[in-house]
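Student: Below is coords_22.csv; it holds CSV, C-alpha atoms and all ligand atoms.
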```csv
chain,number,residue,atom,x,y,z
A,19,MET,CA,4.6,-22.9,-11.8
A,20,THR,CA,3.6,-19.8,-13.9
A,21,LEU,CA,2.5,-16.5,-12.6
A,22,ARG,CA,-0.9,-17.2,-13.9
A,23,ASN,CA,-1.0,-20.4,-11.7
A,24,ARG,CA,0.2,-18.6,-8.7
A,25,LEU,CA,-2.3,-15.9,-9.1
A,26,ALA,CA,-5.1,-18.5,-9.4
A,27,GLU,CA,-4.0,-20.0,-6.1
A,28,ILE,CA,-3.7,-16.7,-4.4
A,29,THR,CA,-7.2,-15.7,-5.7
A,30,ILE,CA,-8.7,-18.9,-4.3
A,31,THR,CA,-7.0,-18.3,-0.9
A,32,ILE,CA,-8.3,-14.7,-0.8
A,33,GLU,CA,-11.8,-15.8,-1.6
A,34,LYS,CA,-11.8,-18.4,1.1
A,35,ALA,CA,-10.4,-16.0,3.7
A,36,MET,CA,-13.0,-13.4,2.7
A,37,LYS,CA,-15.7,-15.8,3.9
A,38,ASN,CA,-14.4,-15.0,7.4
A,39,SER,CA,-13.8,-11.3,6.9
A,40,PRO,CA,-15.5,-9.0,9.3
A,41,LEU,CA,-16.2,-6.5,6.5
A,42,SER,CA,-19.6,-6.5,4.9
A,43,PRO,CA,-19.4,-6.9,2.0
A,44,PRO,CA,-15.9,-8.5,2.3
A,45,ARG,CA,-13.7,-6.7,-0.2
A,46,ALA,CA,-10.1,-7.7,0.1
A,47,ARG,CA,-8.1,-7.0,-3.1
A,48,LEU,CA,-4.7,-8.0,-4.3
A,49,LEU,CA,-2.0,-5.4,-4.7
A,50,ALA,CA,1.0,-6.9,-6.5
A,51,ALA,CA,4.3,-5.7,-4.8
A,52,SER,CA,6.4,-5.4,-7.9
A,53,LYS,CA,9.7,-3.9,-6.5
A,54,GLY,CA,12.6,-5.5,-8.3
A,55,GLN,CA,10.4,-6.9,-11.0
A,56,GLY,CA,11.0,-6.1,-14.7
A,57,ILE,CA,8.5,-4.9,-17.2
A,58,LEU,CA,7.9,-8.4,-18.6
A,59,ALA,CA,6.9,-9.9,-15.2
A,60,ILE,CA,4.6,-6.9,-14.6
A,61,GLU,CA,3.1,-7.2,-18.1
A,62,GLU,CA,2.4,-10.9,-17.3
A,63,ALA,CA,0.6,-9.9,-14.1
A,64,VAL,CA,-1.4,-7.3,-16.0
A,65,ALA,CA,-2.4,-9.9,-18.6
A,66,ALA,CA,-3.5,-12.3,-15.8
A,67,GLY,CA,-5.8,-9.6,-14.5
A,68,VAL,CA,-3.9,-7.7,-11.7
A,69,GLU,CA,-4.9,-4.1,-11.5
A,70,TRP,CA,-3.3,-2.7,-8.4
A,71,PHE,CA,0.5,-2.5,-8.1
A,72,GLY,CA,2.8,-1.3,-5.4
A,73,GLU,CA,6.4,0.0,-5.7
A,74,ASN,CA,8.8,0.9,-3.0
A,75,ARG,CA,11.1,3.4,-4.6
A,76,VAL,CA,10.1,6.6,-6.4
A,77,GLN,CA,13.0,6.4,-8.8
A,78,GLU,CA,12.5,2.8,-9.8
A,79,ALA,CA,8.8,3.5,-10.3
A,80,TRP,CA,9.6,6.4,-12.6
A,81,GLU,CA,11.8,4.1,-14.6
A,82,LYS,CA,9.1,1.4,-15.1
A,83,TRP,CA,5.7,2.9,-14.8
A,84,PRO,CA,5.1,5.9,-17.1
A,85,GLU,CA,4.9,3.6,-20.2
A,86,LEU,CA,3.0,0.8,-18.3
A,87,LYS,CA,0.4,3.2,-17.1
A,88,LYS,CA,0.0,4.6,-20.6
A,89,ARG,CA,-0.6,1.1,-22.0
A,90,HIS,CA,-2.9,0.1,-19.1
A,91,PRO,CA,-4.9,3.2,-18.0
A,92,ASN,CA,-7.0,1.2,-15.5
A,93,ILE,CA,-4.0,0.3,-13.3
A,94,LYS,CA,-3.7,1.9,-10.0
A,95,LEU,CA,-0.1,2.4,-8.8
A,96,HIS,CA,0.5,2.6,-5.0
A,97,LEU,CA,3.7,3.8,-3.2
A,98,ILE,CA,4.3,1.3,-0.4
A,99,GLY,CA,7.9,2.3,0.5
A,100,PRO,CA,9.2,5.2,2.5
A,101,LEU,CA,8.9,8.7,0.9
A,102,GLN,CA,11.6,11.3,1.4
A,103,THR,CA,10.4,14.9,1.4
A,104,ASN,CA,12.6,15.8,-1.5
A,105,LYS,CA,10.8,13.2,-3.6
A,106,VAL,CA,7.3,14.3,-2.9
A,107,ARG,CA,6.8,16.2,-6.2
A,108,GLU,CA,7.9,13.2,-8.3
A,109,ALA,CA,5.7,10.8,-6.2
A,110,LEU,CA,2.6,12.9,-6.5
A,111,GLY,CA,3.1,13.0,-10.3
A,112,LEU,CA,3.1,9.2,-10.7
A,113,PHE,CA,1.4,7.3,-7.8
A,114,ASP,CA,-2.4,7.1,-7.6
A,115,VAL,CA,-2.2,6.2,-3.9
A,116,ILE,CA,0.5,6.9,-1.3
A,117,GLN,CA,0.3,4.3,1.5
A,118,THR,CA,3.2,5.5,3.5
A,119,LEU,CA,2.2,8.9,4.9
A,120,ASP,CA,4.1,8.5,8.2
A,121,ARG,CA,5.1,11.8,9.7
A,122,GLU,CA,4.1,15.4,10.0
A,123,LYS,CA,7.0,16.9,8.0
A,124,LEU,CA,6.0,14.7,5.0
A,125,ALA,CA,2.3,15.5,5.4
A,126,VAL,CA,3.0,19.2,5.3
A,127,GLU,CA,5.2,18.9,2.2
A,128,ILE,CA,2.6,16.8,0.4
A,129,ALA,CA,-0.2,19.3,1.3
A,130,LYS,CA,2.0,22.2,0.0
A,131,ILE,CA,2.6,20.5,-3.4
A,132,ALA,CA,-0.9,19.0,-3.7
A,133,ASN,CA,-2.4,22.4,-3.3
A,134,SER,CA,-0.3,24.1,-5.9
A,135,GLN,CA,-0.4,21.4,-8.6
A,136,HIS,CA,-2.8,18.8,-10.0
A,137,PRO,CA,-1.3,15.7,-8.5
A,138,VAL,CA,-2.0,12.2,-9.9
A,139,THR,CA,-2.2,11.0,-6.3
A,140,SER,CA,-5.9,11.0,-5.2
A,141,SER,CA,-5.7,9.3,-1.8
A,142,TYR,CA,-3.4,8.6,1.1
A,143,PHE,CA,-3.0,5.8,3.7
A,144,ILE,CA,-1.3,6.6,7.0
A,145,GLN,CA,1.3,4.1,8.0
A,146,VAL,CA,1.1,3.1,11.6
A,147,ASN,CA,4.1,1.5,13.4
A,148,THR,CA,2.0,-1.0,15.3
A,149,GLY,CA,5.0,-2.7,16.9
A,150,GLU,CA,6.5,0.7,17.9
A,151,GLU,CA,9.8,-0.4,16.5
A,152,PRO,CA,12.3,2.4,16.7
A,153,GLN,CA,13.9,1.6,13.3
A,154,LYS,CA,10.6,1.3,11.4
A,155,ALA,CA,8.6,4.0,9.7
A,156,GLY,CA,5.1,4.9,10.8
A,157,ILE,CA,3.2,7.0,13.3
A,158,SER,CA,3.0,5.5,16.7
A,159,PRO,CA,-0.5,4.0,17.6
A,160,LYS,CA,-0.8,6.5,20.5
A,161,GLU,CA,-0.4,9.4,18.1
A,162,ALA,CA,-2.4,8.0,15.3
A,163,ASP,CA,-5.8,9.6,16.1
A,164,ALA,CA,-4.4,13.1,16.4
A,165,PHE,CA,-2.3,12.6,13.2
A,166,ILE,CA,-5.3,11.4,11.2
A,167,ARG,CA,-7.3,14.4,12.3
A,168,TYR,CA,-4.4,16.8,11.6
A,169,CYS,CA,-4.0,15.4,8.0
A,170,GLN,CA,-7.7,15.6,7.3
A,171,ASN,CA,-8.7,18.8,9.0
A,172,GLU,CA,-5.6,21.0,9.0
A,173,LEU,CA,-4.1,19.9,5.7
A,174,ALA,CA,-7.2,18.7,3.9
A,175,LEU,CA,-5.6,15.5,2.7
A,176,PRO,CA,-7.9,12.8,1.4
A,177,VAL,CA,-7.0,10.1,3.9
A,178,ALA,CA,-8.6,6.8,2.8
A,179,GLY,CA,-7.1,4.3,5.3
A,180,LEU,CA,-4.2,2.9,7.2
A,181,MET,CA,-1.3,0.6,6.4
A,182,CYS,CA,1.0,-1.4,8.6
A,183,ILE,CA,4.0,-3.8,8.5
A,184,PRO,CA,4.0,-5.9,11.7
A,185,PRO,CA,7.3,-6.7,13.3
A,186,ALA,CA,9.2,-9.7,11.8
A,187,GLY,CA,9.0,-12.9,14.0
A,188,GLN,CA,5.8,-11.9,15.9
A,189,PRO,CA,2.3,-13.2,15.3
A,190,PRO,CA,0.8,-10.6,13.1
A,191,ALA,CA,-2.8,-10.9,14.2
A,192,PRO,CA,-2.6,-8.5,17.2
A,193,HIS,CA,-1.1,-5.8,14.9
A,194,PHE,CA,-3.8,-6.2,12.3
A,195,ALA,CA,-6.4,-6.0,15.1
A,196,LEU,CA,-4.8,-2.8,16.4
A,197,LEU,CA,-4.8,-1.2,12.9
A,198,ARG,CA,-8.4,-2.2,12.4
A,199,ASP,CA,-9.4,-0.6,15.7
A,200,ILE,CA,-7.6,2.7,14.9
A,201,ALA,CA,-9.3,2.8,11.5
A,202,GLN,CA,-12.8,2.0,12.9
A,203,ARG,CA,-12.7,4.7,15.5
A,204,ASN,CA,-11.6,7.2,13.0
A,205,GLY,CA,-14.1,6.3,10.3
A,206,LEU,CA,-11.5,5.1,7.8
A,207,LYS,CA,-12.5,2.3,5.4
A,208,GLU,CA,-9.3,1.1,3.8
A,209,LEU,CA,-6.9,-1.3,5.6
A,210,SER,CA,-3.7,-2.2,3.8
A,211,MET,CA,-2.2,-5.2,5.7
A,212,GLY,CA,-0.9,-8.7,5.0
A,213,MET,CA,1.9,-9.8,2.7
A,214,SER,CA,2.8,-13.2,1.1
A,215,GLY,CA,3.2,-14.9,4.5
A,216,ASP,CA,0.2,-13.6,6.4
A,217,PHE,CA,-2.4,-12.3,4.0
A,218,GLU,CA,-5.1,-14.9,5.0
A,219,THR,CA,-4.8,-13.7,8.6
A,220,ALA,CA,-5.0,-10.1,7.5
A,221,ILE,CA,-8.1,-10.7,5.5
A,222,ARG,CA,-9.8,-12.5,8.4
A,223,MET,CA,-9.0,-9.3,10.5
A,224,GLY,CA,-10.5,-7.0,7.9
A,225,ALA,CA,-7.8,-6.2,5.3
A,226,SER,CA,-9.2,-4.4,2.2
A,227,CYS,CA,-5.8,-4.5,0.4
A,228,VAL,CA,-3.2,-7.3,0.7
A,229,ARG,CA,0.3,-6.5,-0.6
A,230,ILE,CA,1.8,-9.6,-2.2
A,231,GLY,CA,5.2,-9.9,-3.8
A,232,THR,CA,7.0,-13.3,-3.7
A,233,ALA,CA,3.9,-15.5,-3.6
A,234,LEU,CA,2.9,-13.9,-6.9
A,235,PHE,CA,6.2,-13.2,-8.8
A,236,GLY,CA,8.4,-15.8,-7.1
A,237,GLU,CA,11.6,-14.9,-5.3
A,238,ARG,CA,12.7,-11.4,-6.1
A,239,PRO,CA,15.6,-10.9,-8.5
A,240,ASN,CA,18.5,-9.3,-6.7
A,241,THR,CA,18.4,-5.6,-7.0
A,301,LIG,C1,7.9,-6.1,-0.6
A,301,LIG,C2,6.8,-5.7,0.2
A,301,LIG,C3,5.6,-6.4,0.3
A,301,LIG,C4,5.5,-7.8,-0.3
A,301,LIG,O1,6.3,-8.7,0.4
A,301,LIG,P1,6.2,-10.3,0.1
A,301,LIG,O2,6.6,-10.9,1.4
A,301,LIG,O3,7.2,-10.5,-1.0
A,301,LIG,O4,4.8,-10.6,-0.3
A,301,LIG,C5,4.5,-5.9,1.0
A,301,LIG,N1,4.6,-4.7,1.6
A,301,LIG,C6,5.7,-3.9,1.5
A,301,LIG,C7,5.7,-2.6,2.2
A,301,LIG,C8,6.8,-4.4,0.8
A,301,LIG,O5,7.9,-3.6,0.8
```
Would you encode the structure as structure tokens?
Tutor:
Amino acid sequence: MTLRNRLAEITITIEKAMKNSPLSPPRARLLAASKGQGILAIEEAVAAGVEWFGENRVQEAWEKWPELKKRHPNIKLHLIGPLQTNKVREALGLFDVIQTLDREKLAVEIAKIANSQHPVTSSYFIQVNTGEEPQKAGISPKEADAFIRYCQNELALPVAGLMCIPPAGQPPAPHFALLRDIAQRNGLKELSMGMSGDFETAIRMGASCVRIGTALFGERPNT
């Protein structure tokens, strides 16, 4: 099956799931998770109509995206992997959206650089560790409200929404519901949740952005 066929199937599934979305109007959009994919596969996705892409590593993104963005100025590039504080400057110079704002030290560093330069980055999602897994990035659900207010009010960061990666091997729906509740009570509109295996559920729970890798590109090349 070609990428174009897989995209067509995903698009149909997204549209069906949106009929049950609590958002009005429903507005789930596909973000292609292109980590490990080469330029040719990405160009194929662009040609098929994909406009949002997500990369996990700042360095890999810098190797691939400056030229791609020049050729396709309407593309929005999101960072969906962890960000080290020493990579903030590079990240703010390339990504349109950073979805993995997950701790105070990182927020402070971002604010410092964003206020002294003109970053490409125009909005942020806060990553919430909905499963409270010790090894996983993200702010704990208990601390999320205070952290959102801190980023918005003290640091003046444009926080657009929330992102989560539910624990492997658990039903994802309760995690998506928790993320939606936190967003709602804080007045945040964007919800990045759902991957290849669970994006229909995520859309039914209110996702505005689903991050899809293998279902679109096929199995990832080893990197
Ligand atoms: C790789 C990745 C995805 C996509 O995963 P698939 O299961 O291949 O769809 C989504 N979100 C994040 C944060 C990822 O790292």
Student: Set the cut-off to 7 Å, count all atoms listed in the file, and list whatever residues fall near ligand LIG 301 (chain A) as a compact mmCIF listing (two decimals) with C-alpha atoms, in the frame of the given file.
Tutor:
```
# COMPACT_ATOMS: atom_id res chain seq x y z
CA ALA A 51 4.30 -5.70 -4.80
CA LYS A 53 9.70 -3.90 -6.50
CA ASN A 74 8.80 0.90 -3.00
CA ILE A 98 4.30 1.30 -0.40
CA GLY A 99 7.90 2.30 0.50
CA ILE A 183 4.00 -3.80 8.50
CA MET A 213 1.90 -9.80 2.70
CA SER A 214 2.80 -13.20 1.10
CA GLY A 215 3.20 -14.90 4.50
CA ARG A 229 0.30 -6.50 -0.60
CA ILE A 230 1.80 -9.60 -2.20
CA GLY A 231 5.20 -9.90 -3.80
CA THR A 232 7.00 -13.30 -3.70
CA ALA A 233 3.90 -15.50 -3.60
```
Student: From the list A:Asn104, A:Thr148, A:Asn38, A:Ser226, which residue is nearest A:Gly212 when using all atoms listed in the file?
Tutor: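 Of A:Asn104, A:Thr148, A:Asn38, A:Ser226, the one nearest A:Gly212 is A:Ser226, counting all atoms listed in the file.
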Student: Return the single residue from A:Arg24, A:Lys87, A:Lys105, A:Lys37 that is closest to A:Phe71, with distances computed using only C-alpha atoms.
Tutor: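 Comparing A:Arg24, A:Lys87, A:Lys105, A:Lys37 against A:Phe71, the winner is A:Lys87.
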Student: Calculated over only C-alpha atoms, which of the candidates A:Ile93, A:Cys169, A:Ile30, A:Ala174 has the smallest distance to A:Ala50?
Tutor: A:Ile93
Student: Which residues, written as a list in words, have at least one atom at most 12 Å from A:Ile131, with only C-alpha atoms counted and residues fewer than 4 positions away on the same chain left out?
Tutor: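 The neighbour list is Thr103, Asn104, Lys105, Val106, Arg107, Glu108, Ala109, Leu110, Gly111, Leu124, Ala125, Val126, Glu127, Gln135, His136, Pro137, Val138, Thr139, Leu173 and Leu175 of chain A.
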Student: So what do you get for atom CA of A:Val64 versus atom CA of A:Lys88, distance-wise?
Tutor: 12.8 Å
Student: Give me, please, the distance in Å between atom CA of A:Ile128 and atom CA of A:Leu48, quoted to one decimal.
Tutor: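 One can read the atom CA of A:Ile128 to atom CA of A:Leu48 distance as 26.3 Å.
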Student: Could you state the separation of atom CA of A:Ala132 and atom CA of A:His96 in Å, given to one decimal place?
Tutor: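 Here the two named atoms are 16.5 Å from each other.
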Student: Between A:Gln77, A:Ser39, A:Gln55, A:Thr118, single out the one closest to A:Thr219, counting all atoms listed in the file.
Tutor: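 Closest to A:Thr219 of all the choices is A:Ser39.
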Student: For A:Arg222, which residue out of A:Pro84, A:Pro40, A:Ala26, A:Pro159 is the nearest one, using only C-alpha atoms?
Tutor: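 Closest residue, counting only C-alpha atoms: A:Pro40.
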Student: Determine the nearest neighbour of A:Cys182 from the options A:Gln117, A:Asn133, A:Ser141, A:Gln170, counting all atoms listed in the file.
Tutor: A:Gln117
Student: Just write stretch 128-153 of chain A with N, CA, C and O atoms, as a PDB file, in the first residue's frame, taken from the block above.
Tutor:
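Generated output (out.pdb):
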```pdb
ATOM      1  N   ILE A 128      13.242  28.747  28.090  1.00  0.00           N
ATOM      2  CA  ILE A 128      12.515  29.147  26.877  1.00  0.00           C
ATOM      3  C   ILE A 128      12.139  30.630  26.962  1.00  0.00           C
ATOM      4  O   ILE A 128      12.342  31.391  26.011  1.00  0.00           O
ATOM      5  N   ALA A 129      11.623  31.031  28.106  1.00  0.00           N
ATOM      6  CA  ALA A 129      11.182  32.423  28.254  1.00  0.00           C
ATOM      7  C   ALA A 129      12.358  33.377  28.084  1.00  0.00           C
ATOM      8  O   ALA A 129      12.237  34.425  27.439  1.00  0.00           O
ATOM      9  N   LYS A 130      13.498  33.000  28.649  1.00  0.00           N
ATOM     10  CA  LYS A 130      14.687  33.845  28.551  1.00  0.00           C
ATOM     11  C   LYS A 130      15.064  34.072  27.083  1.00  0.00           C
ATOM     12  O   LYS A 130      15.271  35.193  26.636  1.00  0.00           O
ATOM     13  N   ILE A 131      15.116  32.998  26.336  1.00  0.00           N
ATOM     14  CA  ILE A 131      15.559  33.095  24.943  1.00  0.00           C
ATOM     15  C   ILE A 131      14.467  33.716  24.068  1.00  0.00           C
ATOM     16  O   ILE A 131      14.744  34.565  23.222  1.00  0.00           O
ATOM     17  N   ALA A 132      13.218  33.339  24.317  1.00  0.00           N
ATOM     18  CA  ALA A 132      12.125  33.882  23.501  1.00  0.00           C
ATOM     19  C   ALA A 132      12.013  35.390  23.669  1.00  0.00           C
ATOM     20  O   ALA A 132      11.636  36.102  22.741  1.00  0.00           O
ATOM     21  N   ASN A 133      12.359  35.887  24.838  1.00  0.00           N
ATOM     22  CA  ASN A 133      12.244  37.325  25.065  1.00  0.00           C
ATOM     23  C   ASN A 133      13.420  38.109  24.517  1.00  0.00           C
ATOM     24  O   ASN A 133      13.344  39.325  24.383  1.00  0.00           O
ATOM     25  N   SER A 134      14.523  37.424  24.203  1.00  0.00           N
ATOM     26  CA  SER A 134      15.692  38.151  23.730  1.00  0.00           C
ATOM     27  C   SER A 134      15.888  38.000  22.220  1.00  0.00           C
ATOM     28  O   SER A 134      16.704  38.664  21.623  1.00  0.00           O
ATOM     29  N   GLN A 135      15.143  37.080  21.608  1.00  0.00           N
ATOM     30  CA  GLN A 135      15.269  36.872  20.159  1.00  0.00           C
ATOM     31  C   GLN A 135      13.887  36.878  19.526  1.00  0.00           C
ATOM     32  O   GLN A 135      12.893  37.048  20.207  1.00  0.00           O
ATOM     33  N   HIS A 136      13.852  36.652  18.226  1.00  0.00           N
ATOM     34  CA  HIS A 136      12.555  36.493  17.561  1.00  0.00           C
ATOM     35  C   HIS A 136      12.406  35.035  17.182  1.00  0.00           C
ATOM     36  O   HIS A 136      12.823  34.621  16.108  1.00  0.00           O
ATOM     37  N   PRO A 137      11.832  34.244  18.089  1.00  0.00           N
ATOM     38  CA  PRO A 137      11.798  32.811  17.809  1.00  0.00           C
ATOM     39  C   PRO A 137      10.813  32.462  16.699  1.00  0.00           C
ATOM     40  O   PRO A 137       9.834  33.172  16.484  1.00  0.00           O
ATOM     41  N   VAL A 138      11.118  31.374  15.990  1.00  0.00           N
ATOM     42  CA  VAL A 138      10.158  30.807  15.041  1.00  0.00           C
ATOM     43  C   VAL A 138       8.961  30.254  15.818  1.00  0.00           C
ATOM     44  O   VAL A 138       7.817  30.332  15.377  1.00  0.00           O
ATOM     45  N   THR A 139       9.237  29.684  16.987  1.00  0.00           N
ATOM     46  CA  THR A 139       8.176  29.062  17.786  1.00  0.00           C
ATOM     47  C   THR A 139       7.130  30.092  18.193  1.00  0.00           C
ATOM     48  O   THR A 139       7.471  31.146  18.732  1.00  0.00           O
ATOM     49  N   SER A 140       5.865  29.777  17.897  1.00  0.00           N
ATOM     50  CA  SER A 140       4.802  30.736  18.216  1.00  0.00           C
ATOM     51  C   SER A 140       3.827  30.213  19.257  1.00  0.00           C
ATOM     52  O   SER A 140       3.013  30.965  19.766  1.00  0.00           O
ATOM     53  N   SER A 141       3.877  28.902  19.568  1.00  0.00           N
ATOM     54  CA  SER A 141       3.021  28.432  20.663  1.00  0.00           C
ATOM     55  C   SER A 141       3.578  27.154  21.288  1.00  0.00           C
ATOM     56  O   SER A 141       4.419  26.459  20.703  1.00  0.00           O
ATOM     57  N   TYR A 142       3.075  26.891  22.466  1.00  0.00           N
ATOM     58  CA  TYR A 142       3.570  25.791  23.296  1.00  0.00           C
ATOM     59  C   TYR A 142       2.414  24.932  23.789  1.00  0.00           C
ATOM     60  O   TYR A 142       1.334  25.441  24.089  1.00  0.00           O
ATOM     61  N   PHE A 143       2.675  23.630  23.879  1.00  0.00           N
ATOM     62  CA  PHE A 143       1.776  22.718  24.563  1.00  0.00           C
ATOM     63  C   PHE A 143       2.519  22.225  25.812  1.00  0.00           C
ATOM     64  O   PHE A 143       3.727  21.972  25.743  1.00  0.00           O
ATOM     65  N   ILE A 144       1.804  22.068  26.876  1.00  0.00           N
ATOM     66  CA  ILE A 144       2.406  21.508  28.082  1.00  0.00           C
ATOM     67  C   ILE A 144       2.165  20.005  28.098  1.00  0.00           C
ATOM     68  O   ILE A 144       1.026  19.544  27.905  1.00  0.00           O
ATOM     69  N   GLN A 145       3.247  19.254  28.284  1.00  0.00           N
ATOM     70  CA  GLN A 145       3.123  17.793  28.340  1.00  0.00           C
ATOM     71  C   GLN A 145       2.762  17.370  29.753  1.00  0.00           C
ATOM     72  O   GLN A 145       3.445  17.745  30.715  1.00  0.00           O
ATOM     73  N   VAL A 146       1.701  16.584  29.870  1.00  0.00           N
ATOM     74  CA  VAL A 146       1.238  16.112  31.174  1.00  0.00           C
ATOM     75  C   VAL A 146       1.498  14.606  31.272  1.00  0.00           C
ATOM     76  O   VAL A 146       1.155  13.845  30.367  1.00  0.00           O
ATOM     77  N   ASN A 147       2.102  14.199  32.360  1.00  0.00           N
ATOM     78  CA  ASN A 147       2.402  12.787  32.614  1.00  0.00           C
ATOM     79  C   ASN A 147       1.168  12.173  33.287  1.00  0.00           C
ATOM     80  O   ASN A 147       1.136  11.972  34.503  1.00  0.00           O
ATOM     81  N   THR A 148       0.150  11.893  32.449  1.00  0.00           N
ATOM     82  CA  THR A 148      -1.162  11.499  32.988  1.00  0.00           C
ATOM     83  C   THR A 148      -1.095  10.215  33.804  1.00  0.00           C
ATOM     84  O   THR A 148      -1.889  10.024  34.715  1.00  0.00           O
ATOM     85  N   GLY A 149      -0.151   9.327  33.457  1.00  0.00           N
ATOM     86  CA  GLY A 149      -0.023   8.069  34.194  1.00  0.00           C
ATOM     87  C   GLY A 149       0.902   8.175  35.386  1.00  0.00           C
ATOM     88  O   GLY A 149       1.131   7.184  36.069  1.00  0.00           O
ATOM     89  N   GLU A 150       1.446   9.373  35.620  1.00  0.00           N
ATOM     90  CA  GLU A 150       2.409   9.596  36.709  1.00  0.00           C
ATOM     91  C   GLU A 150       3.491   8.526  36.713  1.00  0.00           C
ATOM     92  O   GLU A 150       3.832   7.946  37.747  1.00  0.00           O
ATOM     93  N   GLU A 151       4.029   8.258  35.525  1.00  0.00           N
ATOM     94  CA  GLU A 151       5.097   7.267  35.399  1.00  0.00           C
ATOM     95  C   GLU A 151       6.427   7.947  35.717  1.00  0.00           C
ATOM     96  O   GLU A 151       6.762   8.967  35.112  1.00  0.00           O
ATOM     97  N   PRO A 152       7.204   7.370  36.640  1.00  0.00           N
ATOM     98  CA  PRO A 152       8.436   8.036  37.070  1.00  0.00           C
ATOM     99  C   PRO A 152       9.434   8.267  35.937  1.00  0.00           C
ATOM    100  O   PRO A 152      10.155   9.257  35.936  1.00  0.00           O
ATOM    101  N   GLN A 153       9.466   7.351  34.960  1.00  0.00           N
ATOM    102  CA  GLN A 153      10.485   7.483  33.907  1.00  0.00           C
ATOM    103  C   GLN A 153      10.005   8.375  32.773  1.00  0.00           C
ATOM    104  O   GLN A 153      10.760   8.669  31.856  1.00  0.00           O
TER     105      GLN A 153
END
```
